[in-house]
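Structure data follow from target-v1.txt (compact mmCIF, C-alpha atoms and all ligand atoms):
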# COMPACT_ATOMS: atom_id res chain seq x y z
CA MET A 122 -15.07 31.49 -13.00
CA PRO A 123 -14.90 30.60 -9.34
CA SER A 124 -14.36 34.19 -8.18
CA GLY A 125 -17.29 34.28 -5.79
CA LYS A 126 -16.51 31.00 -4.14
CA ASP A 127 -15.33 30.76 -0.65
CA ILE A 128 -11.82 29.32 -0.45
CA HIS A 129 -12.98 26.51 1.78
CA ASP A 130 -15.62 25.41 -0.74
CA PHE A 131 -13.07 25.67 -3.47
CA ILE A 132 -10.36 23.53 -1.94
CA GLU A 133 -12.98 20.94 -1.09
CA LYS A 134 -13.81 20.63 -4.79
CA VAL A 135 -10.23 20.61 -6.09
CA VAL A 136 -9.72 17.93 -8.74
CA PRO A 137 -5.98 17.29 -8.81
CA PRO A 138 -4.41 16.03 -12.03
CA GLN A 139 -3.62 12.32 -11.81
CA ILE A 140 -0.77 10.91 -13.86
CA PRO A 141 -1.23 7.66 -15.80
CA ALA A 142 -0.78 4.64 -13.55
CA SER A 143 2.66 3.14 -13.85
CA ARG A 144 2.49 0.45 -11.22
CA THR A 145 0.14 -2.43 -10.69
CA HIS A 146 -2.12 -2.05 -7.72
CA ASP A 147 -1.30 -5.40 -6.24
CA PRO A 148 -1.51 -5.56 -2.44
CA ALA A 149 2.27 -5.72 -2.13
CA ASN A 150 2.42 -2.24 -3.57
CA ASN A 151 -0.61 -0.75 -1.93
CA LEU A 152 1.39 1.72 0.10
CA LYS A 153 2.63 3.08 -3.22
CA ARG A 154 6.17 2.97 -2.04
CA THR A 155 9.06 2.12 -4.26
CA ASP A 156 11.32 -0.63 -3.06
CA PRO A 157 13.60 0.32 -1.43
CA PHE A 158 11.43 3.15 -0.14
CA GLN A 159 12.32 6.54 -1.55
CA PHE A 160 11.09 9.78 -0.13
CA GLY A 161 9.13 12.05 -2.43
CA SER A 162 7.82 9.16 -4.51
CA ARG A 163 4.14 9.00 -3.71
CA PHE A 164 2.65 9.97 -7.06
CA LEU A 165 -1.07 10.45 -7.52
CA GLU A 166 -1.94 8.09 -10.36
CA GLU A 167 -5.14 7.48 -12.27
CA GLY A 168 -7.31 5.10 -10.31
CA ASP A 169 -5.92 6.18 -6.93
CA ASN A 170 -8.26 7.25 -4.21
CA VAL A 171 -6.96 10.72 -3.32
CA TYR A 172 -8.15 10.29 0.28
CA GLU A 173 -6.11 7.15 0.81
CA PHE A 174 -3.09 9.12 2.04
CA ASN A 175 -2.67 12.52 3.60
CA ALA A 176 -0.08 13.73 1.10
CA TRP A 177 0.91 13.18 -2.52
CA ASP A 178 4.21 14.32 -3.99
CA HIS A 179 4.93 16.52 -7.01
CA VAL A 180 1.30 17.42 -7.72
CA GLU A 181 1.03 20.55 -9.88
CA PRO A 182 -2.12 22.61 -9.26
CA ASP A 183 -4.88 22.03 -11.81
CA ASP A 184 -5.87 24.85 -14.20
CA GLU A 185 -9.00 25.73 -12.28
CA PHE A 186 -6.99 26.26 -9.10
CA LYS A 187 -4.47 28.43 -10.97
CA ALA A 188 -7.30 30.59 -12.35
CA PHE A 189 -8.82 30.80 -8.88
CA ALA A 190 -5.45 31.90 -7.49
CA GLU A 191 -5.18 34.70 -10.05
CA VAL A 192 -8.63 35.96 -9.11
CA GLN A 193 -7.64 35.87 -5.45
CA TYR A 194 -4.45 37.86 -6.15
CA GLU A 195 -6.49 40.52 -7.94
CA LYS A 196 -8.80 40.82 -4.97
CA GLN A 197 -5.84 41.01 -2.58
CA ARG A 198 -4.23 43.82 -4.60
CA ALA A 199 -7.52 45.68 -4.76
CA ALA A 200 -7.78 45.74 -0.96
CA PRO A 201 -4.25 46.15 0.40
CA VAL A 202 -3.25 46.71 3.99
CA SER A 203 -3.85 50.29 5.12
CA ASP A 204 -0.88 52.68 5.18
CA PHE A 205 -1.20 52.85 8.94
CA ASP A 206 -0.92 49.06 9.27
CA ARG A 207 1.83 48.74 6.67
CA ASN A 208 3.87 51.18 8.67
CA ARG A 209 3.01 49.47 11.96
CA PHE A 210 4.04 46.00 10.76
CA ASN A 211 7.14 47.08 8.86
CA THR A 212 8.54 49.47 11.45
CA ASP A 213 8.81 47.06 14.33
CA PRO A 214 8.57 43.45 13.08
CA VAL A 215 10.19 42.03 16.21
CA LYS A 216 7.28 43.26 18.31
CA TRP A 217 4.91 40.94 16.43
CA TRP A 218 7.21 37.92 16.62
CA ASN A 219 7.68 38.57 20.35
CA LEU A 220 3.91 38.49 20.74
CA PHE A 221 3.81 35.31 18.66
CA TYR A 222 6.25 33.52 21.00
CA LYS A 223 4.53 34.85 24.09
CA ASN A 224 1.31 33.29 22.81
CA ASN A 225 2.69 30.10 21.31
CA THR A 226 5.85 29.33 23.33
CA ASP A 227 7.35 26.16 21.84
CA ASN A 228 4.22 24.39 20.72
CA PHE A 229 3.54 25.91 17.30
CA PHE A 230 6.20 24.49 14.99
CA LYS A 231 6.91 20.77 14.95
CA ASP A 232 10.47 19.44 15.17
CA ARG A 233 12.03 19.44 11.73
CA LYS A 234 13.37 15.91 11.96
CA TRP A 235 13.47 15.46 8.19
CA LEU A 236 16.28 17.98 7.73
CA ARG A 237 19.09 15.43 7.80
CA GLN A 238 17.46 13.60 4.91
CA GLU A 239 16.86 16.77 2.96
CA PHE A 240 20.31 18.17 3.57
CA PRO A 241 22.83 15.33 3.98
CA ILE A 242 25.49 17.85 5.04
CA LEU A 243 23.71 18.03 8.41
CA ALA A 244 24.31 14.31 8.86
CA GLU A 245 27.96 14.86 7.86
CA VAL A 246 28.70 17.63 10.36
CA THR A 247 27.19 15.58 13.19
CA GLN A 248 29.28 12.49 12.46
CA LYS A 249 31.68 11.38 15.17
CA ASP A 250 34.86 12.18 13.27
CA ALA A 251 33.64 15.32 11.46
CA GLY A 252 35.95 17.62 13.47
CA PRO A 253 35.22 21.21 14.46
CA LYS A 254 32.06 22.40 12.70
CA LEU A 255 30.17 25.63 13.18
CA VAL A 256 26.51 25.75 12.23
CA LEU A 257 24.44 28.94 12.37
CA GLU A 258 20.68 28.76 12.30
CA VAL A 259 19.13 32.11 11.45
CA GLY A 260 15.59 32.81 12.66
CA ALA A 261 15.78 29.67 14.79
CA GLY A 262 12.45 30.28 16.53
CA ALA A 263 11.76 27.79 19.28
CA GLY A 264 14.68 25.54 18.24
CA ASN A 265 12.74 23.02 16.18
CA THR A 266 15.71 22.59 13.86
CA ALA A 267 18.57 23.09 16.30
CA PHE A 268 17.32 20.63 18.93
CA PRO A 269 16.89 17.62 16.60
CA LEU A 270 20.33 18.45 15.21
CA ILE A 271 22.10 18.27 18.57
CA ARG A 272 19.98 15.30 19.67
CA ASN A 273 21.40 13.28 16.79
CA ASN A 274 24.90 14.64 17.13
CA GLU A 275 27.95 12.42 17.70
CA ASN A 276 30.53 15.09 16.91
CA GLU A 277 32.34 16.49 19.95
CA GLY A 278 33.46 19.40 17.78
CA LEU A 279 30.00 20.61 16.76
CA LYS A 280 28.69 24.01 17.82
CA VAL A 281 25.25 25.21 16.77
CA HIS A 282 24.51 28.93 17.09
CA ALA A 283 20.72 29.31 17.03
CA CYS A 284 19.84 32.98 16.57
CA ASP A 285 16.55 34.79 16.41
CA PHE A 286 15.72 38.46 16.68
CA SER A 287 12.90 37.70 19.11
CA LYS A 288 14.18 37.62 22.69
CA TYR A 289 11.16 35.50 23.61
CA ALA A 290 12.11 32.86 21.01
CA VAL A 291 15.62 32.84 22.46
CA LYS A 292 14.19 32.50 25.95
CA VAL A 293 12.09 29.51 24.84
CA MET A 294 15.25 27.85 23.46
CA ARG A 295 17.39 28.63 26.49
CA GLU A 296 14.75 27.34 28.90
CA SER A 297 14.18 24.11 27.02
CA GLU A 298 15.36 20.95 28.73
CA GLN A 299 17.00 20.06 25.43
CA TYR A 300 19.25 23.12 25.57
CA ASP A 301 22.77 21.78 25.93
CA GLU A 302 25.37 24.53 26.20
CA LYS A 303 28.12 22.16 25.21
CA TYR A 304 26.82 22.00 21.66
CA MET A 305 24.45 24.92 21.35
CA VAL A 306 24.19 28.62 22.02
CA ALA A 307 20.99 30.59 21.52
CA ASP A 308 21.33 34.34 21.00
CA VAL A 309 19.37 37.36 19.95
CA TRP A 310 20.43 38.55 16.51
CA ASP A 311 18.72 40.45 13.72
CA ALA A 312 19.73 38.89 10.42
CA ALA A 313 19.21 42.22 8.67
CA ALA A 314 21.33 44.14 11.19
CA GLU A 315 23.62 46.91 9.98
CA PRO A 316 26.93 47.85 11.56
CA SER A 317 26.37 50.61 14.11
CA GLU A 318 28.23 52.52 16.81
CA GLU A 319 27.38 49.74 19.27
CA GLY A 320 29.17 47.19 17.13
CA ASP A 321 29.30 45.01 14.09
CA SER A 322 26.25 43.44 12.45
CA LEU A 323 27.32 39.84 13.17
CA PRO A 324 25.81 37.57 15.86
CA PRO A 325 27.39 37.60 19.34
CA GLY A 326 30.50 35.44 19.50
CA LEU A 327 30.75 34.79 15.77
CA GLN A 328 33.56 36.05 13.59
CA GLU A 329 33.66 36.71 9.91
CA GLY A 330 34.51 33.72 7.68
CA THR A 331 34.06 31.06 10.37
CA VAL A 332 30.70 29.37 9.73
CA ASP A 333 30.49 26.05 7.86
CA VAL A 334 26.71 25.84 7.43
CA VAL A 335 23.97 28.48 7.60
CA ILE A 336 20.41 27.18 8.00
CA LEU A 337 17.55 29.35 6.76
CA ILE A 338 14.22 27.64 7.36
CA PHE A 339 11.17 29.89 6.84
CA ILE A 340 13.13 33.00 7.82
CA PHE A 341 13.73 34.84 4.54
CA SER A 342 9.95 34.94 4.01
CA ALA A 343 9.66 36.82 7.30
CA LEU A 344 11.87 39.66 6.02
CA ASN A 345 10.75 42.66 4.04
CA PRO A 346 12.26 42.33 0.52
CA ASN A 347 14.17 45.54 1.25
CA GLN A 348 16.03 43.63 4.02
CA TRP A 349 17.27 40.76 1.83
CA GLU A 350 20.40 42.60 0.73
CA LYS A 351 21.52 43.23 4.30
CA ALA A 352 20.75 39.67 5.40
CA LEU A 353 22.57 38.15 2.42
CA SER A 354 25.54 40.35 3.04
CA ASN A 355 25.72 39.32 6.73
CA ILE A 356 25.43 35.63 5.80
CA TYR A 357 28.10 36.00 3.15
CA ARG A 358 30.48 37.59 5.64
CA LEU A 359 29.90 34.90 8.24
CA LEU A 360 30.45 31.92 5.96
CA LYS A 361 33.81 30.33 5.30
CA PRO A 362 34.79 30.17 1.64
CA GLY A 363 33.06 26.98 0.46
CA GLY A 364 30.54 27.20 3.33
CA VAL A 365 26.94 26.35 2.48
CA VAL A 366 23.44 27.74 2.98
CA LEU A 367 20.48 25.40 3.47
CA PHE A 368 17.29 27.16 2.43
CA ARG A 369 13.64 26.21 2.70
CA ASP A 370 10.75 28.65 2.44
CA TYR A 371 7.30 29.39 1.03
CA GLY A 372 6.82 29.03 -2.73
CA ARG A 373 4.71 31.17 -5.03
CA GLY A 374 1.13 29.93 -5.36
CA ASP A 375 1.15 28.04 -2.08
CA LEU A 376 -2.32 27.76 -0.58
CA ALA A 377 -1.16 29.97 2.28
CA GLN A 378 -0.71 32.77 -0.29
CA VAL A 379 -3.90 32.14 -2.21
CA ARG A 380 -6.04 32.16 0.90
CA PHE A 381 -5.08 35.69 2.04
CA LYS A 382 -8.12 37.93 2.08
CA LYS A 383 -8.55 41.68 2.07
CA GLY A 384 -6.38 43.97 4.16
CA ARG A 385 -3.32 41.64 4.15
CA TYR A 386 -1.52 42.50 0.91
CA MET A 387 1.60 44.61 1.57
CA GLU A 388 3.25 44.38 -1.85
CA GLU A 389 3.56 41.75 -4.59
CA ASN A 390 3.81 38.32 -2.91
CA PHE A 391 4.28 39.90 0.51
CA TYR A 392 1.54 39.82 3.14
CA VAL A 393 0.89 40.34 6.80
CA ARG A 394 -0.85 37.61 8.76
CA GLY A 395 -3.59 38.12 11.31
CA ASP A 396 -1.01 38.06 14.11
CA GLY A 397 1.11 40.87 12.61
CA THR A 398 3.93 38.64 11.28
CA ARG A 399 4.88 39.06 7.63
CA VAL A 400 5.33 36.45 4.93
CA TYR A 401 6.79 36.47 1.42
CA PHE A 402 6.30 33.81 -1.30
CA PHE A 403 9.32 33.06 -3.52
CA ASP A 404 9.63 31.72 -7.01
CA HIS A 405 12.47 29.81 -8.61
CA GLU A 406 13.90 32.44 -10.93
CA GLN A 407 13.85 35.07 -8.22
CA LEU A 408 15.87 32.86 -5.87
CA VAL A 409 18.38 32.09 -8.60
CA GLN A 410 18.67 35.82 -9.10
CA LEU A 411 19.04 36.49 -5.40
CA TRP A 412 21.64 33.82 -4.63
CA GLY A 413 23.19 33.05 -7.96
CA ARG A 414 23.40 36.22 -9.98
CA TRP A 415 24.60 38.81 -7.65
CA THR A 416 25.86 41.31 -10.15
CA PRO A 417 25.84 45.07 -9.86
CA GLU A 418 23.44 45.27 -12.82
CA ASN A 419 21.05 42.48 -11.90
CA GLY A 420 21.23 41.74 -8.26
CA LEU A 421 22.31 42.85 -4.89
CA LYS A 422 25.53 44.66 -4.30
CA ILE A 423 28.11 43.32 -1.92
CA ASP A 424 31.65 44.03 -0.86
CA LEU A 425 33.34 40.86 -2.00
CA GLU A 426 36.38 39.58 -0.13
CA ASN A 427 37.96 38.73 -3.46
CA PRO A 428 36.69 41.12 -6.11
CA PRO A 429 36.09 39.46 -9.49
CA THR A 430 38.96 39.42 -11.94
CA ALA A 431 38.77 39.96 -15.67
CA GLU A 432 39.73 36.30 -16.27
CA GLN A 433 36.65 34.98 -14.45
CA THR A 434 33.45 34.17 -16.28
CA ALA A 435 30.29 36.01 -15.22
CA GLU A 436 29.20 32.82 -13.45
CA GLU A 437 32.45 32.58 -11.51
CA GLN A 438 32.11 36.17 -10.35
CA ASN A 439 28.96 35.43 -8.36
CA PRO A 440 29.53 35.22 -4.63
CA PHE A 441 27.30 32.12 -4.27
CA GLU A 442 26.80 29.03 -6.41
CA VAL A 443 23.32 27.58 -6.60
CA LEU A 444 24.04 23.87 -6.13
CA ASN A 445 20.42 22.84 -5.97
CA LEU A 446 17.07 24.63 -6.04
CA GLU A 447 13.68 23.08 -6.54
CA ALA A 448 10.02 23.58 -5.86
CA ASP A 449 8.59 21.02 -3.49
CA ARG A 450 4.94 20.67 -4.49
CA ARG A 451 2.54 18.55 -2.55
CA LEU A 452 -1.13 17.90 -2.39
CA ILE A 453 -2.01 17.73 1.29
CA VAL A 454 -5.27 15.96 1.99
CA ASN A 455 -7.30 16.40 5.11
CA ARG A 456 -9.12 13.11 5.10
CA SER A 457 -11.74 13.97 7.66
CA SER A 458 -12.78 17.36 6.25
CA LYS A 459 -12.11 16.20 2.65
CA LEU A 460 -10.01 19.26 1.82
CA LYS A 461 -7.30 19.06 -0.85
CA MET A 462 -4.64 21.70 -0.49
CA TYR A 463 -1.91 22.57 -2.96
CA ARG A 464 1.23 23.43 -1.09
CA CYS A 465 4.50 24.72 -2.54
CA TRP A 466 7.83 25.27 -0.84
CA MET A 467 11.20 26.24 -2.30
CA GLN A 468 14.24 24.33 -1.21
CA GLY A 469 17.81 25.21 -2.08
CA LEU A 470 21.45 24.55 -1.38
CA PHE A 471 23.84 27.45 -2.02
CA ARG A 472 27.61 27.64 -1.57
CA LYS A 473 29.88 30.58 -0.99
CA ARG A 474 32.55 30.55 -3.67
CA GLY A 475 36.09 29.65 -2.74
CA GLY A 476 37.38 26.88 -0.51
CA SER A 477 38.75 23.58 -1.69
CA ASP A 478 36.18 21.05 -0.43
CA PRO A 479 34.04 19.27 -3.00
CA ALA A 480 30.43 20.46 -3.21
CA PRO A 481 28.15 18.70 -0.72
CA ALA A 482 25.59 16.30 -2.14
CA PRO A 483 22.06 17.63 -2.45
CA ALA A 484 19.28 15.34 -1.27
CA ALA A 485 17.76 13.12 -3.95
CA ALA A 486 14.23 14.44 -3.48
CA PRO A 487 12.33 16.47 -0.91
CA ALA A 488 11.15 14.18 1.85
CA PRO A 489 7.60 14.00 3.13
CA LYS A 490 7.11 16.55 5.85
CA VAL A 491 3.47 15.83 6.22
CA ASP A 492 3.33 15.92 9.99
CA VAL A 493 4.86 19.38 10.01
CA GLU A 494 3.05 20.91 7.10
CA VAL A 495 -0.41 19.63 7.92
CA VAL A 496 -0.11 21.17 11.34
CA GLU A 497 1.16 24.36 9.78
CA VAL A 498 -1.66 24.71 7.29
CA GLU A 499 -4.28 24.00 9.90
CA ALA A 500 -2.72 26.39 12.35
CA ALA A 501 -2.44 28.94 9.55
CA ALA A 502 -6.10 28.39 8.75
CA ASP A 503 -6.95 29.14 12.35
CA ALA A 504 -4.71 32.18 12.35
CA GLU A 505 -6.39 33.50 9.21
CA ASN A 506 -9.93 33.04 10.46
CA ASP A 507 -10.06 36.64 11.50
CA GLN A 508 -9.54 37.91 7.94
C1 LIG B 601 8.30 31.22 10.48
S1 LIG B 601 9.38 31.34 11.85
C2 LIG B 601 10.46 29.98 11.57
C3 LIG B 601 11.16 29.50 12.78
C4 LIG B 601 12.13 28.35 12.58
N1 LIG B 601 13.14 28.65 11.59
C5 LIG B 601 11.36 27.11 12.20
O1 LIG B 601 11.33 26.77 11.03
O2 LIG B 601 10.79 26.48 13.09
C6 LIG B 601 10.36 32.74 11.42
C7 LIG B 601 11.34 33.11 12.49
O3 LIG B 601 12.20 34.12 12.00
C8 LIG B 601 12.43 35.05 13.03
N2 LIG B 601 12.82 36.30 12.38
C9 LIG B 601 12.07 37.13 11.62
N3 LIG B 601 12.79 38.18 11.20
C10 LIG B 601 14.04 38.01 11.68
C11 LIG B 601 15.24 38.76 11.58
N4 LIG B 601 15.29 39.92 10.91
N5 LIG B 601 16.35 38.28 12.18
C12 LIG B 601 16.30 37.12 12.89
N6 LIG B 601 15.20 36.38 13.04
C13 LIG B 601 14.07 36.82 12.43
C14 LIG B 601 11.12 35.11 13.79
O4 LIG B 601 11.27 35.61 15.10
C15 LIG B 601 10.70 33.64 13.75
O5 LIG B 601 11.21 32.96 14.85
Go through the file and emit its structure as structure tokens.
Ligand SMILES: C[S@@+](CC[C@H](N)C(=O)[O-])C[C@H]1O[C@@H](n2cnc3c(N)ncnc32)[C@H](O)[C@@H]1O
Amino acid sequence: MPSGKDIHDFIEKVVPPQIPASRTHDPANNLKRTDPFQFGSRFLEEGDNVYEFNAWDHVEPDDEFKAFAEVQYEKQRAAPVSDFDRNRFNTDPVKWWNLFYKNNTDNFFKDRKWLRQEFPILAEVTQKDAGPKLVLEVGAGAGNTAFPLIRNNENEGLKVHACDFSKYAVKVMRESEQYDEKYMVADVWDAAAEPSEEGDSLPPGLQEGTVDVVILIFIFSALNPNQWEKALSNIYRLLKPGGVVLFRDYGRGDLAQVRFKKGRYMEENFYVRGDGTRVYFFDHEQLVQLWGRWTPENGLKIDLENPPTAEQTAEEQNPFEVLNLEADRRLIVNRSSKLKMYRCWMQGLFRKRGGSDPAPAPAAAPAPKVDVEVVEVEAAADAENDQ
């Protein structure tokens, strides 16, 4: 049992499962790309040199890694965050994200250029003749999704609202030379806000039932699970009937979860990083439950615009449809340090019920986001060095 091993030693020795070779290794195919090239198609086959590329698609962790992960989780539970810290990090989460953006400005996350491939609806709303389209990015950070979106935009009628609860993140976006007020507005907004005496819980300038697309990229993981209900309810209110949610976030068993050491565990699958920001790791069934089965018995409660009728099936009564949800599993290889890292992200497309438009097409397969994720894991490794 590898319980005593240091995580670094362990991921160096990972032996990923290799599927039987299905293609000849002739030089014409030595990039292992299908013709025409399809994203998400670089399979690790028997006979391949794992260090030949810096990422392989759809690689499930081997059994030894899974056992190692379980041992790690036990250790994490045995040494949770102190009550003092739990309180500190949960009471004022914006303070820690403000510090994060003061320290990292706009250089931490890489531009998420792959989003249009992953979510074709983003290409649709930026087309010349798409007409008025309202996109809301929640937890927009430094604008690494919003900026590529407006850079590639040909639609005069597009407006992107990029919101974050950190005023420093919003400042970074507003001060960027890419910030174009014609197509974009960056505002401070807490996704888990509740209506108060000062006003409604919706972002500045946005009305109920007006948003075509909500983008949630690595934001739900930053919320405490007890905030999901509020955030979902706000998103539901903002969307038009038939409006869609584009979701990408950390998946259960991702190396970033396994590597947490003592003093970081807050509750099951929820941790605090060395910089005070929090992170949750999702699994498939839980996301289906959250977005797809929103019943009083099983899920979150919500005031529906159109309460379910007796004629509707249980499925039809759910406020959102899960159009697509999959785990994006990759083996990321650091070729110089010879580390092999199992990564897992969850990616989904959800639609608010109602509306008459046909469902948007999900992407065929998750695209390689190697440039982004390698940077993330290495930065995360640095961030976790203090553990
Ligand atoms: C991991 S970062 C992701 C940033 C951006 N979506 C990206 O992918 O580059 C999470 C972001 O969510 C923001 N955030 C966390 N909790 C939030 C909340 N309750 N409301 C709005 N934004 C929040 C943080 O300030 C941070 O910018």
Check your understanding: Just how far from atom C14 of ligand LIG 601 (chain B) is atom CA of Ala190 of chain A, in Å to one decimal?
Key ->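 Taking atom CA of Ala190 of chain A and atom C14 of ligand LIG 601 (chain B), their separation equals 27.2 Å.
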Could I get the residue neighbourhood of ligand LIG 601 (chain B) at 8 Å, counting all atoms listed in the file, as a short mmCIF file (atom, residue, chain, number, x, y, z; two decimals) with C-alpha atoms, in the frame of the given file?
data_model
loop_
_atom_site.label_atom_id
_atom_site.label_comp_id
_atom_site.auth_asym_id
_atom_site.auth_seq_id
_atom_site.Cartn_x
_atom_site.Cartn_y
_atom_site.Cartn_z
CA PRO A 214 8.57 43.45 13.08
CA VAL A 215 10.19 42.03 16.21
CA TRP A 218 7.21 37.92 16.62
CA ASN A 219 7.68 38.57 20.35
CA TYR A 222 6.25 33.52 21.00
CA PHE A 230 6.20 24.49 14.99
CA LYS A 231 6.91 20.77 14.95
CA ASP A 232 10.47 19.44 15.17
CA ARG A 233 12.03 19.44 11.73
CA GLU A 258 20.68 28.76 12.30
CA VAL A 259 19.13 32.11 11.45
CA GLY A 260 15.59 32.81 12.66
CA ALA A 261 15.78 29.67 14.79
CA GLY A 262 12.45 30.28 16.53
CA ALA A 263 11.76 27.79 19.28
CA GLY A 264 14.68 25.54 18.24
CA ASN A 265 12.74 23.02 16.18
CA THR A 266 15.71 22.59 13.86
CA CYS A 284 19.84 32.98 16.57
CA ASP A 285 16.55 34.79 16.41
CA PHE A 286 15.72 38.46 16.68
CA SER A 287 12.90 37.70 19.11
CA ALA A 290 12.11 32.86 21.01
CA VAL A 309 19.37 37.36 19.95
CA TRP A 310 20.43 38.55 16.51
CA ASP A 311 18.72 40.45 13.72
CA ALA A 312 19.73 38.89 10.42
CA ALA A 313 19.21 42.22 8.67
CA ALA A 314 21.33 44.14 11.19
CA LEU A 337 17.55 29.35 6.76
CA ILE A 338 14.22 27.64 7.36
CA PHE A 339 11.17 29.89 6.84
CA ILE A 340 13.13 33.00 7.82
CA PHE A 341 13.73 34.84 4.54
CA SER A 342 9.95 34.94 4.01
CA ALA A 343 9.66 36.82 7.30
CA LEU A 344 11.87 39.66 6.02
CA GLN A 348 16.03 43.63 4.02
CA ALA A 352 20.75 39.67 5.40
#
**Study point:** Atom-to-atom span, atom CA of Asp206 of chain A and atom CA of Gln378 of chain A, Å
**Key:** 18.9 Å
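Residue nearest Asn208 of chain A, chosen from A:Asn439, A:Asn445, A:Asn345, A:Asn455 and counting all atoms listed in the file: A:Asn345.
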Exercise for review: Name the residues within 10 Å of (21.3, 18.3, 9.6), counting only C-alpha atoms in the file's coordinates, and put them as a ChimeraX atom specification.
Suggested key: /A:233-247,256,266-267,269-271,273-274,334,336,367
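For the pair atom CA of Asn347 of chain A and atom CA of Val293 of chain A, the interatomic distance is 28.6 Å.
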Review point. Using all atoms listed in the file, which of A:Leu446, A:Leu279, A:Val192, A:Leu411 sits nearest Asp250 of chain A?
Key: A:Leu279
Point to revise | Polymer residues at most 8 Å from segment 179-184 of chain A, all atoms listed in the file, same-chain spacing of 3 or more positions, as a PyMOL selection string | key: chain A and resi 135-138+161+164-165+187-188+449-452+463
All residues 12 Å or closer to Arg207 of chain A, all atoms listed in the file, same chain fewer than 2 positions away omitted, as a PDB file with C-alpha atoms, in the coordinates of the input:
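Done, and the output landed in result-v2.pdb:
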ATOM      1  CA  PRO A 201      -4.250  46.150   0.400  1.00  0.00           C
ATOM      2  CA  VAL A 202      -3.250  46.710   3.990  1.00  0.00           C
ATOM      3  CA  SER A 203      -3.850  50.290   5.120  1.00  0.00           C
ATOM      4  CA  ASP A 204      -0.880  52.680   5.180  1.00  0.00           C
ATOM      5  CA  PHE A 205      -1.200  52.850   8.940  1.00  0.00           C
ATOM      6  CA  ARG A 209       3.010  49.470  11.960  1.00  0.00           C
ATOM      7  CA  PHE A 210       4.040  46.000  10.760  1.00  0.00           C
ATOM      8  CA  ASN A 211       7.140  47.080   8.860  1.00  0.00           C
ATOM      9  CA  THR A 212       8.540  49.470  11.450  1.00  0.00           C
ATOM     10  CA  ASP A 213       8.810  47.060  14.330  1.00  0.00           C
ATOM     11  CA  PRO A 214       8.570  43.450  13.080  1.00  0.00           C
ATOM     12  CA  ASN A 345      10.750  42.660   4.040  1.00  0.00           C
ATOM     13  CA  GLY A 384      -6.380  43.970   4.160  1.00  0.00           C
ATOM     14  CA  ARG A 385      -3.320  41.640   4.150  1.00  0.00           C
ATOM     15  CA  TYR A 386      -1.520  42.500   0.910  1.00  0.00           C
ATOM     16  CA  MET A 387       1.600  44.610   1.570  1.00  0.00           C
ATOM     17  CA  GLU A 388       3.250  44.380  -1.850  1.00  0.00           C
ATOM     18  CA  PHE A 391       4.280  39.900   0.510  1.00  0.00           C
ATOM     19  CA  TYR A 392       1.540  39.820   3.140  1.00  0.00           C
ATOM     20  CA  VAL A 393       0.890  40.340   6.800  1.00  0.00           C
ATOM     21  CA  ARG A 394      -0.850  37.610   8.760  1.00  0.00           C
ATOM     22  CA  GLY A 397       1.110  40.870  12.610  1.00  0.00           C
ATOM     23  CA  THR A 398       3.930  38.640  11.280  1.00  0.00           C
ATOM     24  CA  ARG A 399       4.880  39.060   7.630  1.00  0.00           C
TER      25      ARG A 399
END
Point to revise | Near-Ile132 of chain A list (9 Å; all atoms listed in the file; drop same-chain fewer than 4 positions) as a PyMOL selection string | key: chain A and resi 127-128+136+186+459-463
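Closest approach to Tyr300 of chain A among A:Glu318, A:Glu406, A:Gly469, A:Val281 is made by A:Val281 (distances from only C-alpha atoms).
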